[in-house]
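Colleague: Dropping in model-v6.tsv, which is TSV, C-alpha atoms:
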chain	number	residue	atom	x	y	z
A	71	MET	CA	-19.38	-7.00	53.56
A	72	ILE	CA	-21.08	-7.84	50.25
A	73	ASP	CA	-23.83	-9.74	52.07
A	74	ALA	CA	-24.39	-6.68	54.27
A	75	ARG	CA	-25.15	-4.59	51.16
A	76	LEU	CA	-26.79	-7.30	49.01
A	77	VAL	CA	-28.92	-8.96	51.68
A	78	PRO	CA	-29.23	-12.72	50.96
A	79	ASP	CA	-32.59	-14.47	50.78
A	80	ALA	CA	-33.30	-17.22	53.30
A	81	GLN	CA	-34.00	-19.72	50.48
A	82	GLU	CA	-30.71	-19.11	48.67
A	83	GLU	CA	-28.19	-21.93	48.78
A	84	ILE	CA	-25.24	-19.54	48.56
A	85	THR	CA	-25.18	-15.85	49.47
A	86	PRO	CA	-24.41	-13.01	47.03
A	87	GLY	CA	-21.01	-12.63	48.71
A	88	GLU	CA	-20.18	-16.29	48.14
A	89	ALA	CA	-21.38	-16.05	44.54
A	90	MET	CA	-19.14	-13.01	44.02
A	91	ALA	CA	-16.19	-14.83	45.59
A	92	GLY	CA	-16.82	-17.75	43.27
A	93	MET	CA	-16.81	-15.48	40.21
A	94	LEU	CA	-13.53	-13.96	41.35
A	95	LEU	CA	-11.92	-17.37	41.80
A	96	ASN	CA	-13.24	-18.46	38.41
A	97	GLY	CA	-11.93	-15.28	36.78
A	98	TRP	CA	-8.44	-15.78	38.17
A	99	GLY	CA	-8.21	-19.41	37.16
A	100	CYS	CA	-10.35	-19.79	34.04
A	101	THR	CA	-10.63	-16.43	32.30
A	102	ASN	CA	-11.34	-17.65	28.76
A	103	ARG	CA	-14.47	-19.67	29.51
A	104	PRO	CA	-18.03	-18.29	29.70
A	105	LEU	CA	-19.75	-17.65	33.02
A	106	SER	CA	-22.20	-20.51	32.42
A	107	LEU	CA	-19.32	-23.02	32.75
A	108	THR	CA	-18.43	-21.91	36.29
A	109	PRO	CA	-19.81	-25.17	37.84
A	110	GLN	CA	-17.32	-27.14	35.72
A	111	PHE	CA	-14.48	-25.02	37.07
A	112	PHE	CA	-15.44	-25.81	40.69
A	113	ALA	CA	-16.09	-29.51	40.07
A	114	ASN	CA	-12.67	-30.52	41.44
A	115	LYS	CA	-12.08	-27.61	43.86
A	116	PRO	CA	-12.17	-27.91	47.70
A	117	LEU	CA	-15.12	-25.57	48.20
A	118	ASP	CA	-15.46	-26.63	51.83
A	119	ARG	CA	-12.06	-25.04	52.46
A	120	LEU	CA	-12.36	-22.10	50.05
A	121	LEU	CA	-15.82	-21.08	51.27
A	122	ARG	CA	-17.66	-23.29	53.77
A	123	GLU	CA	-19.03	-26.78	54.21
A	124	GLY	CA	-22.18	-27.52	52.25
A	125	VAL	CA	-21.24	-25.45	49.19
A	126	HIS	CA	-21.22	-27.46	45.94
A	127	ALA	CA	-20.14	-26.66	42.40
A	128	GLU	CA	-23.66	-26.80	40.91
A	129	MET	CA	-24.74	-23.94	43.17
A	130	PHE	CA	-22.67	-21.55	41.01
A	131	ASN	CA	-25.09	-21.75	38.09
A	132	ARG	CA	-25.59	-18.88	35.65
A	133	VAL	CA	-29.00	-17.96	37.12
A	134	LYS	CA	-27.52	-17.37	40.58
A	135	LEU	CA	-24.44	-15.57	39.23
A	136	GLY	CA	-26.50	-13.42	36.86
A	137	ARG	CA	-28.93	-12.45	39.64
A	138	THR	CA	-25.97	-11.46	41.85
A	139	LEU	CA	-24.52	-9.25	39.13
A	140	ASP	CA	-27.91	-7.58	38.67
A	141	GLU	CA	-28.13	-6.91	42.41
A	142	ALA	CA	-24.63	-5.42	42.42
A	143	ASP	CA	-25.55	-3.17	39.48
A	144	ASP	CA	-28.75	-2.02	41.21
A	145	ASP	CA	-26.82	-1.25	44.40
A	146	GLY	CA	-24.11	0.64	42.46
A	147	CYS	CA	-20.86	-0.98	41.40
A	148	GLU	CA	-18.79	2.12	42.17
A	149	LEU	CA	-20.20	2.41	45.70
A	150	LEU	CA	-19.69	-1.30	46.29
A	151	LEU	CA	-16.05	-0.98	45.19
A	152	SER	CA	-15.50	1.96	47.55
A	153	ALA	CA	-17.02	0.15	50.52
A	154	LEU	CA	-14.94	-2.99	49.93
A	155	ALA	CA	-11.73	-1.01	49.30
A	156	LEU	CA	-12.13	1.04	52.48
A	157	GLY	CA	-12.81	-2.14	54.45
A	158	VAL	CA	-9.70	-3.85	53.09
A	159	CYS	CA	-7.52	-0.80	53.78
A	160	GLY	CA	-8.82	-0.64	57.34
A	161	GLN	CA	-8.20	-4.35	57.89
A	162	GLU	CA	-4.68	-4.28	56.44
A	163	GLY	CA	-3.70	-0.96	58.02
A	164	ILE	CA	-3.18	0.83	54.69
A	165	ALA	CA	-2.71	4.59	55.07
A	166	ARG	CA	-5.74	6.55	53.83
A	167	ARG	CA	-4.80	10.09	54.82
A	168	PHE	CA	-3.98	11.20	51.25
A	169	ASN	CA	-6.14	10.08	48.31
A	170	HIS	CA	-4.91	10.67	44.77
A	171	LEU	CA	-7.47	11.44	42.06
A	172	ASP	CA	-6.87	11.48	38.31
A	173	THR	CA	-8.35	10.38	34.99
A	174	THR	CA	-6.98	8.37	32.11
A	175	SER	CA	-8.29	7.30	28.71
A	176	PHE	CA	-8.33	3.90	27.04
A	177	ALA	CA	-8.17	3.85	23.25
A	178	LEU	CA	-10.16	1.07	21.55
A	179	ARG	CA	-9.25	-0.52	18.24
A	180	GLY	CA	-11.41	-2.52	15.85
A	181	ALA	CA	-15.06	-2.11	14.87
A	182	SER	CA	-17.02	0.74	16.41
A	183	VAL	CA	-19.26	-0.12	19.36
A	184	PRO	CA	-22.93	0.68	18.53
A	185	ASP	CA	-24.72	3.02	20.92
A	186	SER	CA	-27.12	1.39	23.36
A	187	ASP	CA	-29.30	2.56	26.26
A	188	GLU	CA	-27.71	-0.18	28.38
A	189	GLN	CA	-24.20	1.25	28.06
A	190	ALA	CA	-22.73	2.94	31.10
A	191	MET	CA	-20.69	5.22	28.85
A	192	THR	CA	-20.34	6.24	25.22
A	193	ILE	CA	-17.29	5.06	23.26
A	194	THR	CA	-16.37	8.05	21.13
A	195	HIS	CA	-13.57	10.38	20.06
A	196	GLY	CA	-12.18	12.81	22.62
A	197	SER	CA	-8.99	14.39	23.90
A	198	ALA	CA	-6.57	11.48	23.43
A	199	LYS	CA	-3.92	11.40	26.18
A	200	ASP	CA	-2.04	8.69	24.29
A	201	HIS	CA	-1.86	10.95	21.20
A	202	ARG	CA	-4.14	8.72	19.11
A	203	PRO	CA	-7.03	11.03	18.14
A	204	ASP	CA	-7.94	8.63	15.33
A	205	LEU	CA	-9.16	6.02	17.84
A	206	GLN	CA	-12.34	6.03	19.89
A	207	GLN	CA	-11.89	5.91	23.62
A	208	ALA	CA	-13.39	5.66	27.09
A	209	VAL	CA	-12.39	7.69	30.16
A	210	LEU	CA	-11.80	6.27	33.63
A	211	ALA	CA	-11.61	8.35	36.81
A	212	LEU	CA	-9.88	6.66	39.73
A	213	MET	CA	-9.04	7.65	43.29
A	214	VAL	CA	-6.31	5.59	44.97
A	215	SER	CA	-4.67	5.46	48.39
A	216	GLN	CA	-1.26	6.97	49.05
A	217	GLU	CA	0.10	3.57	50.08
A	218	GLY	CA	-0.05	0.81	47.52
A	219	GLY	CA	-2.38	2.64	45.14
A	220	GLY	CA	-5.49	0.86	46.41
A	221	PRO	CA	-8.59	2.02	44.47
A	222	PHE	CA	-11.23	3.92	46.48
A	223	VAL	CA	-13.48	5.43	43.83
A	224	SER	CA	-13.84	4.27	40.23
A	225	LYS	CA	-16.10	5.89	37.65
A	226	SER	CA	-16.36	5.45	33.88
A	227	TRP	CA	-17.10	8.42	31.61
A	228	ASP	CA	-17.87	9.04	27.96
A	229	GLY	CA	-14.86	9.17	25.67
A	230	ASN	CA	-15.28	12.91	25.11
A	231	ALA	CA	-15.66	13.83	28.81
A	232	SER	CA	-13.19	16.41	30.11
A	233	ASP	CA	-11.59	16.45	33.55
A	234	THR	CA	-13.06	19.86	34.33
A	235	GLN	CA	-16.64	18.90	33.47
A	236	SER	CA	-16.62	15.48	35.10
A	237	PHE	CA	-15.09	16.58	38.40
A	238	GLN	CA	-18.32	18.23	39.52
A	239	GLU	CA	-20.03	14.84	39.62
A	240	ARG	CA	-16.92	13.00	40.82
A	241	ALA	CA	-16.69	15.34	43.80
A	242	GLU	CA	-19.96	13.99	45.19
A	243	ALA	CA	-18.60	10.43	45.12
A	244	VAL	CA	-15.33	11.66	46.64
A	245	LEU	CA	-17.17	13.33	49.52
A	246	ALA	CA	-19.28	10.21	50.13
A	247	THR	CA	-16.08	8.13	50.29
A	248	PHE	CA	-14.34	10.55	52.64
A	249	GLN	CA	-17.23	10.31	55.10
A	250	HIS	CA	-16.19	6.72	55.83
A	251	ALA	CA	-12.45	7.46	56.13
A	252	PRO	CA	-10.82	8.58	59.40
A	253	PRO	CA	-9.74	12.26	59.56
A	254	PRO	CA	-7.55	14.03	58.67
A	255	ARG	CA	-7.94	13.20	54.99
A	256	TYR	CA	-6.92	15.07	51.87
A	257	GLY	CA	-7.58	14.80	48.15
A	258	VAL	CA	-4.60	15.15	45.84
A	259	ALA	CA	-5.11	16.02	42.16
A	260	ASP	CA	-3.65	18.04	39.30
A	261	ALA	CA	-4.35	21.67	38.41
A	262	LYS	CA	-7.81	20.86	37.00
A	263	LEU	CA	-8.98	20.42	40.59
A	264	SER	CA	-8.63	24.17	41.22
A	265	HIS	CA	-11.64	25.86	39.63
A	266	GLU	CA	-14.20	28.30	41.00
A	267	ASP	CA	-17.07	26.04	39.88
A	268	LYS	CA	-15.79	23.34	42.29
A	269	ALA	CA	-15.42	25.64	45.30
A	270	THR	CA	-18.66	24.36	46.87
A	271	HIS	CA	-17.31	20.81	47.04
A	272	LEU	CA	-13.70	21.69	47.80
A	273	ASN	CA	-14.67	23.85	50.75
A	274	THR	CA	-15.86	20.76	52.64
A	275	LEU	CA	-12.64	18.74	52.34
A	276	GLY	CA	-8.90	19.22	52.51
A	277	PHE	CA	-7.09	19.11	49.19
A	278	LEU	CA	-3.64	19.48	47.66
A	279	THR	CA	-3.26	20.69	44.09
A	280	ARG	CA	-1.20	22.85	41.78
A	281	ILE	CA	-2.73	26.22	41.03
A	282	PRO	CA	-2.98	26.65	37.22
A	283	GLY	CA	-0.56	29.19	35.78
A	284	THR	CA	-3.36	30.68	33.66
A	285	LEU	CA	-4.89	32.20	36.80
A	286	GLN	CA	-4.03	35.89	36.96
A	287	LEU	CA	-3.64	35.76	40.74
A	288	VAL	CA	-0.71	33.35	40.37
A	289	SER	CA	1.54	35.96	38.72
A	290	HIS	CA	0.47	38.53	41.31
A	291	VAL	CA	1.60	36.15	44.06
A	292	ILE	CA	4.83	34.86	42.49
A	293	SER	CA	6.24	38.24	41.42
A	294	PRO	CA	6.43	39.78	44.92
A	295	ALA	CA	7.42	36.44	46.47
A	296	LEU	CA	10.58	36.41	44.35
A	297	ARG	CA	11.63	39.67	46.02
A	298	TRP	CA	10.97	38.48	49.57
A	299	ASP	CA	13.69	37.05	51.80
A	300	ALA	CA	11.52	34.49	53.56
A	301	TRP	CA	12.60	31.33	51.76
A	302	GLN	CA	12.70	28.05	53.67
A	303	GLU	CA	14.85	25.16	52.48
A	304	LEU	CA	13.11	21.92	51.58
A	305	ASP	CA	16.33	20.20	50.54
A	306	ALA	CA	19.73	21.13	49.12
A	307	THR	CA	18.28	22.45	45.85
A	308	THR	CA	14.66	23.34	46.60
A	309	ARG	CA	13.23	26.17	48.67
A	310	TYR	CA	9.73	27.54	49.23
A	311	GLN	CA	7.67	30.36	50.71
A	312	ARG	CA	4.28	29.94	52.35
A	313	LEU	CA	1.40	32.37	51.90
A	314	GLU	CA	-1.99	32.43	53.60
A	315	LEU	CA	-4.75	33.92	51.44
A	316	GLY	CA	-8.42	33.69	50.59
A	317	HIS	CA	-9.37	32.36	47.16
A	318	ASP	CA	-12.69	31.13	45.73
A	319	GLY	CA	-14.38	31.93	49.03
A	320	MET	CA	-12.16	29.73	51.20
A	321	ALA	CA	-8.97	30.11	53.22
A	322	GLN	CA	-6.03	28.51	51.40
A	323	ARG	CA	-2.32	28.00	51.99
A	324	TRP	CA	-0.17	28.44	48.90
A	325	LEU	CA	3.47	27.42	48.51
A	326	VAL	CA	5.73	29.22	46.04
A	327	VAL	CA	8.49	26.73	45.19
A	328	SER	CA	11.85	27.52	43.62
A	329	SER	CA	14.18	24.84	42.26
A	330	PRO	CA	16.86	24.49	39.53
A	331	ALA	CA	14.53	22.28	37.51
A	332	ALA	CA	11.82	24.96	37.59
A	333	CYS	CA	14.35	27.61	36.54
A	334	GLU	CA	15.46	25.45	33.61
A	335	ARG	CA	11.85	24.96	32.49
A	336	ALA	CA	11.20	28.71	32.76
A	337	GLU	CA	14.35	29.55	30.77
A	338	SER	CA	13.42	27.00	28.13
A	339	THR	CA	9.91	28.46	27.87
A	340	VAL	CA	11.22	32.02	27.54
A	341	THR	CA	13.82	30.99	24.96
A	342	THR	CA	11.25	29.12	22.88
A	343	ALA	CA	8.84	32.06	23.04
A	344	GLY	CA	11.65	34.43	22.01
A	345	HIS	CA	12.51	32.31	18.96
A	346	ARG	CA	8.86	32.18	17.90
A	347	GLU	CA	8.49	35.95	18.31
A	348	SER	CA	11.68	36.58	16.32
A	349	GLU	CA	10.41	34.38	13.51
A	350	ALA	CA	7.07	36.20	13.53
A	351	ILE	CA	8.81	39.59	13.41
A	352	ALA	CA	11.07	38.47	10.55
A	353	THR	CA	8.02	37.29	8.60
A	354	GLN	CA	6.23	40.61	9.15
A	355	LEU	CA	9.31	42.59	8.09
A	356	CYS	CA	9.64	40.50	4.94
A	357	HIS	CA	6.05	41.32	3.96
A	358	TRP	CA	6.52	44.95	5.00
A	359	GLN	CA	9.61	45.37	2.80
A	360	ALA	CA	7.62	44.26	-0.23
A	361	LYS	CA	5.21	47.16	0.19
A	362	ARG	CA	5.60	50.48	-1.62
A	363	PHE	CA	4.86	53.80	0.05
A	364	GLU	CA	4.17	57.12	-1.59
A	365	THR	CA	6.27	59.12	0.90
A	366	PRO	CA	9.00	58.42	3.48
A	367	GLU	CA	6.63	59.71	6.15
A	368	ALA	CA	4.08	57.00	5.28
A	369	ALA	CA	6.79	54.34	5.50
A	370	HIS	CA	7.94	55.60	8.92
A	371	ALA	CA	4.34	55.69	10.15
A	372	ALA	CA	3.77	52.10	9.03
A	373	LEU	CA	7.01	51.00	10.71
A	374	ALA	CA	6.02	52.77	13.94
A	375	ALA	CA	2.65	50.98	13.91
A	376	LEU	CA	4.42	47.68	13.34
A	377	GLU	CA	6.78	48.30	16.28
A	378	GLN	CA	3.81	49.23	18.48
A	379	SER	CA	2.16	45.91	17.69
A	380	TRP	CA	5.32	44.05	18.80
A	381	ARG	CA	5.17	45.70	22.19
As structure tokens, what does this structure read like?
Modeller:
Amino acid sequence: MIDARLVPDAQEEITPGEAMAGMLLNGWGCTNRPLSLTPQFFANKPLDRLLREGVHAEMFNRVKLGRTLDEADDDGCELLLSALALGVCGQEGIARRFNHLDTTSFALRGASVPDSDEQAMTITHGSAKDHRPDLQQAVLALMVSQEGGGPFVSKSWDGNASDTQSFQERAEAVLATFQHAPPPRYGVADAKLSHEDKATHLNTLGFLTRIPGTLQLVSHVISPALRWDAWQELDATTRYQRLELGHDGMAQRWLVVSSPAACERAESTVTTAGHRESEAIATQLCHWQAKRFETPEAAHAALAALEQSWR
């Protein structure tokens, strides 16, 4: 598959695919040695069995390996990964119907990495998911299969890139990957997937996501659903209602889910908000009591205004 994308030259002793296989074998067995010492690693290896007859250790020199890496970079490492991953999943019968997409950040310690035009991303401060805002980081977006977590799409982003901003570009790679996967196929992601700016891309593929609670339409859907008697049981403790509606210019199916765990989270949220509001009211009353008013009417008017603000 690599040779099909990185077409070998007739004068090459080993193909780009064989060179890549050699680098993988070297990486698994000799990770702490530089790439230029790869021939030493293969000096006592049965290359006729690992690859083919006629392949010798000296063929894995740094010129050949470096040229192969350059060709892979020119072709696109992310696209090459996707093609190989899809091929492996097809060969091994790995389910590809649902594809899970998410981002994570990697915090880096030590001296700062100087900026360079050759860098694929910028190491910088951003929204630290590991709660270490003092460290610089890089962001990785990855799409994996539902079975085994096999990677389909991998893309590196600057350390300050947000999920919402980067998805617009990721969606193009997702769509390109889905074109080579058998239907039906669906993308699965968190609530950041649902955004009106992404409707153009989402309208061309099936997707599963959680609608963000900040969307005003969510409360308009949940409130009447709680009064309906159309619940269907998912299991002994969970039930749901299905609604068909149009949102962001596309037909969507929403599920309103009710469970004891969700009720506990809602009660905890309401209780916490009530405590915070009570503390805020107590603080305002403390400041209000320290004020002096010329007449009782002025005091009552100020209290009425304060009560109005609480509502």
Colleague: How big is the axis-aligned box around the listed atoms of stretch 96-112 of chain A once 4 Å is added on each side, and where is its centre? Give both in Å to one decimal, as lines of an AutoDock Vina configuration file.
Modeller:
center_x = -15.2
center_y = -21.2
center_z = 34.7
size_x = 22.0
size_y = 19.9
size_z = 19.9
Colleague: Would you list the residues near (-19.6, -25.0, 39.6), meaning any protein, DNA or RNA residue with an atom at most 8 Å from that point in file coordinates, counting all atoms listed in the file, as number ranges by chain?
Modeller: A: 107-113, 126-131
Colleague: Could you tell me which of A:Glu162, A:Glu141, A:Asp118, A:Glu337 comes closest to A:Ile72 if we count all atoms listed in the file?
Modeller: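 Closest candidate: A:Glu141.
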Colleague: Find the spatial neighbours of stretch 371-374 of chain A, counting only C-alpha atoms, within a cut-off of 12 Å - ignore same-chain residues fewer than 2 positions away - and output them as a ChimeraX atom specification.
Modeller: /A:351,354-355,357-359,361-369,376-381
Colleague: Pick out the residues sitting within 7 Å of A:Trp227, and hand them over as a PyMOL selection string; count only C-alpha atoms, and ignore anything fewer than 5 positions along from it in its own chain.
Modeller: chain A and resi 191+208-210
Colleague: With all atoms listed in the file as the atoms that count, which of A:Leu212, A:Thr174, A:Trp301, A:Leu275 lies nearest to A:Ala321?
Modeller: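 Of A:Leu212, A:Thr174, A:Trp301, A:Leu275, the one nearest A:Ala321 is A:Leu275, counting all atoms listed in the file.
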Colleague: Quick check, in Å to one decimal: how far apart do atom CA of A:Pro330 and atom CA of A:Arg312 lie?
Modeller: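 These two atoms are separated by 18.8 Å.
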Colleague: Rounded to one decimal place, report the atom CA of A:Ala89-atom CA of A:Asp140 distance in Å.
Modeller: 12.2 Å
Colleague: What is the distance, in Å and to one decimal place, between atom CA of A:Leu285 and atom CA of A:Lys262?
Modeller: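 Separation of atom CA of A:Leu285 and atom CA of A:Lys262: 11.7 Å.
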Colleague: Dig up all the protein and nucleic acid residues within 12 Å of (-6.6, 1.3, 43.1) in the file frame, using all atoms listed in the file, and format them as a list of chain:residue names.
Modeller: A:Leu151, A:Ser152, A:Leu154, A:Ala155, A:Leu156, A:Val158, A:Cys159, A:Arg166, A:Asn169, A:His170, A:Leu171, A:Asp172, A:Leu210, A:Ala211, A:Leu212, A:Met213, A:Val214, A:Ser215, A:Gln216, A:Glu217, A:Gly218, A:Gly219, A:Gly220, A:Pro221, A:Phe222, A:Val223, A:Ser224, A:Lys225
Colleague: Of the residues A:Ala343, A:Val326, A:Met320, A:Val133, which is the one nearest to A:His290, using only C-alpha atoms?
Modeller: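 Going through A:Ala343, A:Val326, A:Met320, A:Val133 one by one, the smallest distance to A:His290 is for A:Val326.
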Colleague: Got a sec: who's within 10 Å of A:Gln322, counting only C-alpha atoms, leaving out chain neighbours fewer than 6 positions off, as a PyMOL selection string?
Modeller: chain A and resi 273+276-277+313-316
Colleague: Leaving out stretch 73-87 of chain A and any residue of its chain fewer than 4 positions from it, which residues lie within 8 Å of it when counting all atoms listed in the file, given as a PyMOL selection string?
Modeller: chain A and resi 91+125+129+138+141-142+145
Colleague: Residues within 10 Å of A:Asp204, please, as a PDB file with C-alpha atoms, in the frame of the given file. Count only C-alpha atoms; anything in the same chain fewer than 2 positions from it doesn't count.
Modeller:
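Output saved as selection-v1.pdb:
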ATOM      1  CA  ALA A 177      -8.170   3.850  23.250  1.00  0.00           C
ATOM      2  CA  ARG A 179      -9.250  -0.520  18.240  1.00  0.00           C
ATOM      3  CA  HIS A 195     -13.570  10.380  20.060  1.00  0.00           C
ATOM      4  CA  GLY A 196     -12.180  12.810  22.620  1.00  0.00           C
ATOM      5  CA  ALA A 198      -6.570  11.480  23.430  1.00  0.00           C
ATOM      6  CA  HIS A 201      -1.860  10.950  21.200  1.00  0.00           C
ATOM      7  CA  ARG A 202      -4.140   8.720  19.110  1.00  0.00           C
ATOM      8  CA  GLN A 206     -12.340   6.030  19.890  1.00  0.00           C
ATOM      9  CA  GLN A 207     -11.890   5.910  23.620  1.00  0.00           C
TER      10      GLN A 207
END
Colleague: Only C-alpha atoms needed: put stretch 292-369 of chain A from the block into a file as a JSON list (two decimals), in the first residue's frame.
Modeller:
[["chain", "number", "residue", "atom", "x", "y", "z"],
["A", 292, "ILE", "CA", -36.78, 19.11, 27.27],
["A", 293, "SER", "CA", -39.46, 21.04, 29.17],
["A", 294, "PRO", "CA", -42.45, 19.73, 27.16],
["A", 295, "ALA", "CA", -40.87, 16.27, 26.83],
["A", 296, "LEU", "CA", -40.95, 15.90, 30.62],
["A", 297, "ARG", "CA", -44.74, 16.28, 30.50],
["A", 298, "TRP", "CA", -45.26, 13.75, 27.71],
["A", 299, "ASP", "CA", -46.15, 10.13, 28.37],
["A", 300, "ALA", "CA", -44.18, 8.65, 25.48],
["A", 301, "TRP", "CA", -41.17, 7.30, 27.34],
["A", 302, "GLN", "CA", -39.49, 4.12, 26.10],
["A", 303, "GLU", "CA", -37.37, 2.00, 28.40],
["A", 304, "LEU", "CA", -33.72, 1.52, 27.51],
["A", 305, "ASP", "CA", -32.98, -0.56, 30.60],
["A", 306, "ALA", "CA", -34.25, -0.91, 34.17],
["A", 307, "THR", "CA", -33.21, 2.63, 35.15],
["A", 308, "THR", "CA", -33.00, 4.59, 31.90],
["A", 309, "ARG", "CA", -35.77, 5.77, 29.58],
["A", 310, "TYR", "CA", -35.90, 8.07, 26.57],
["A", 311, "GLN", "CA", -38.13, 9.93, 24.14],
["A", 312, "ARG", "CA", -37.39, 10.45, 20.45],
["A", 313, "LEU", "CA", -38.10, 13.68, 18.59],
["A", 314, "GLU", "CA", -37.77, 14.45, 14.89],
["A", 315, "LEU", "CA", -36.95, 18.09, 14.17],
["A", 316, "GLY", "CA", -35.05, 20.39, 11.85],
["A", 317, "HIS", "CA", -32.00, 22.18, 13.22],
["A", 318, "ASP", "CA", -29.14, 24.05, 11.50],
["A", 319, "GLY", "CA", -30.77, 23.40, 8.14],
["A", 320, "MET", "CA", -30.85, 19.60, 8.42],
["A", 321, "ALA", "CA", -33.25, 16.94, 9.64],
["A", 322, "GLN", "CA", -32.14, 15.55, 13.01],
["A", 323, "ARG", "CA", -33.32, 12.96, 15.49],
["A", 324, "TRP", "CA", -32.95, 13.98, 19.12],
["A", 325, "LEU", "CA", -33.23, 11.71, 22.16],
["A", 326, "VAL", "CA", -34.29, 13.11, 25.53],
["A", 327, "VAL", "CA", -32.85, 10.69, 28.12],
["A", 328, "SER", "CA", -33.92, 10.37, 31.74],
["A", 329, "SER", "CA", -31.94, 8.38, 34.31],
["A", 330, "PRO", "CA", -31.30, 8.44, 38.09],
["A", 331, "ALA", "CA", -27.72, 9.56, 37.48],
["A", 332, "ALA", "CA", -28.95, 12.53, 35.42],
["A", 333, "CYS", "CA", -31.46, 13.43, 38.15],
["A", 334, "GLU", "CA", -28.71, 13.35, 40.77],
["A", 335, "ARG", "CA", -26.50, 15.62, 38.65],
["A", 336, "ALA", "CA", -29.40, 18.04, 38.13],
["A", 337, "GLU", "CA", -30.23, 18.10, 41.85],
["A", 338, "SER", "CA", -26.58, 18.67, 42.70],
["A", 339, "THR", "CA", -26.39, 21.53, 40.19],
["A", 340, "VAL", "CA", -29.54, 23.18, 41.54],
["A", 341, "THR", "CA", -28.39, 22.78, 45.15],
["A", 342, "THR", "CA", -24.98, 24.27, 44.40],
["A", 343, "ALA", "CA", -26.56, 27.18, 42.53],
["A", 344, "GLY", "CA", -28.95, 27.76, 45.45],
["A", 345, "HIS", "CA", -26.09, 27.91, 47.95],
["A", 346, "ARG", "CA", -24.19, 30.38, 45.79],
["A", 347, "GLU", "CA", -27.27, 32.57, 45.38],
["A", 348, "SER", "CA", -27.95, 32.49, 49.13],
["A", 349, "GLU", "CA", -24.38, 33.56, 49.84],
["A", 350, "ALA", "CA", -24.66, 36.37, 47.29],
["A", 351, "ILE", "CA", -27.94, 37.56, 48.84],
["A", 352, "ALA", "CA", -26.46, 37.45, 52.36],
["A", 353, "THR", "CA", -23.50, 39.53, 51.18],
["A", 354, "GLN", "CA", -25.78, 42.12, 49.56],
["A", 355, "LEU", "CA", -27.95, 42.34, 52.69],
["A", 356, "CYS", "CA", -24.88, 42.83, 54.85],
["A", 357, "HIS", "CA", -23.80, 45.79, 52.71],
["A", 358, "TRP", "CA", -27.36, 47.08, 52.55],
["A", 359, "GLN", "CA", -27.73, 47.06, 56.36],
["A", 360, "ALA", "CA", -24.68, 49.28, 56.68],
["A", 361, "LYS", "CA", -26.35, 52.01, 54.64],
["A", 362, "ARG", "CA", -28.28, 54.89, 56.21],
["A", 363, "PHE", "CA", -31.49, 56.25, 54.70],
["A", 364, "GLU", "CA", -33.11, 59.59, 55.32],
["A", 365, "THR", "CA", -36.65, 58.17, 55.46],
["A", 366, "PRO", "CA", -38.30, 54.76, 55.92],
["A", 367, "GLU", "CA", -39.78, 55.14, 52.45],
["A", 368, "ALA", "CA", -36.29, 55.38, 50.92],
["A", 369, "ALA", "CA", -35.22, 52.24, 52.79]]
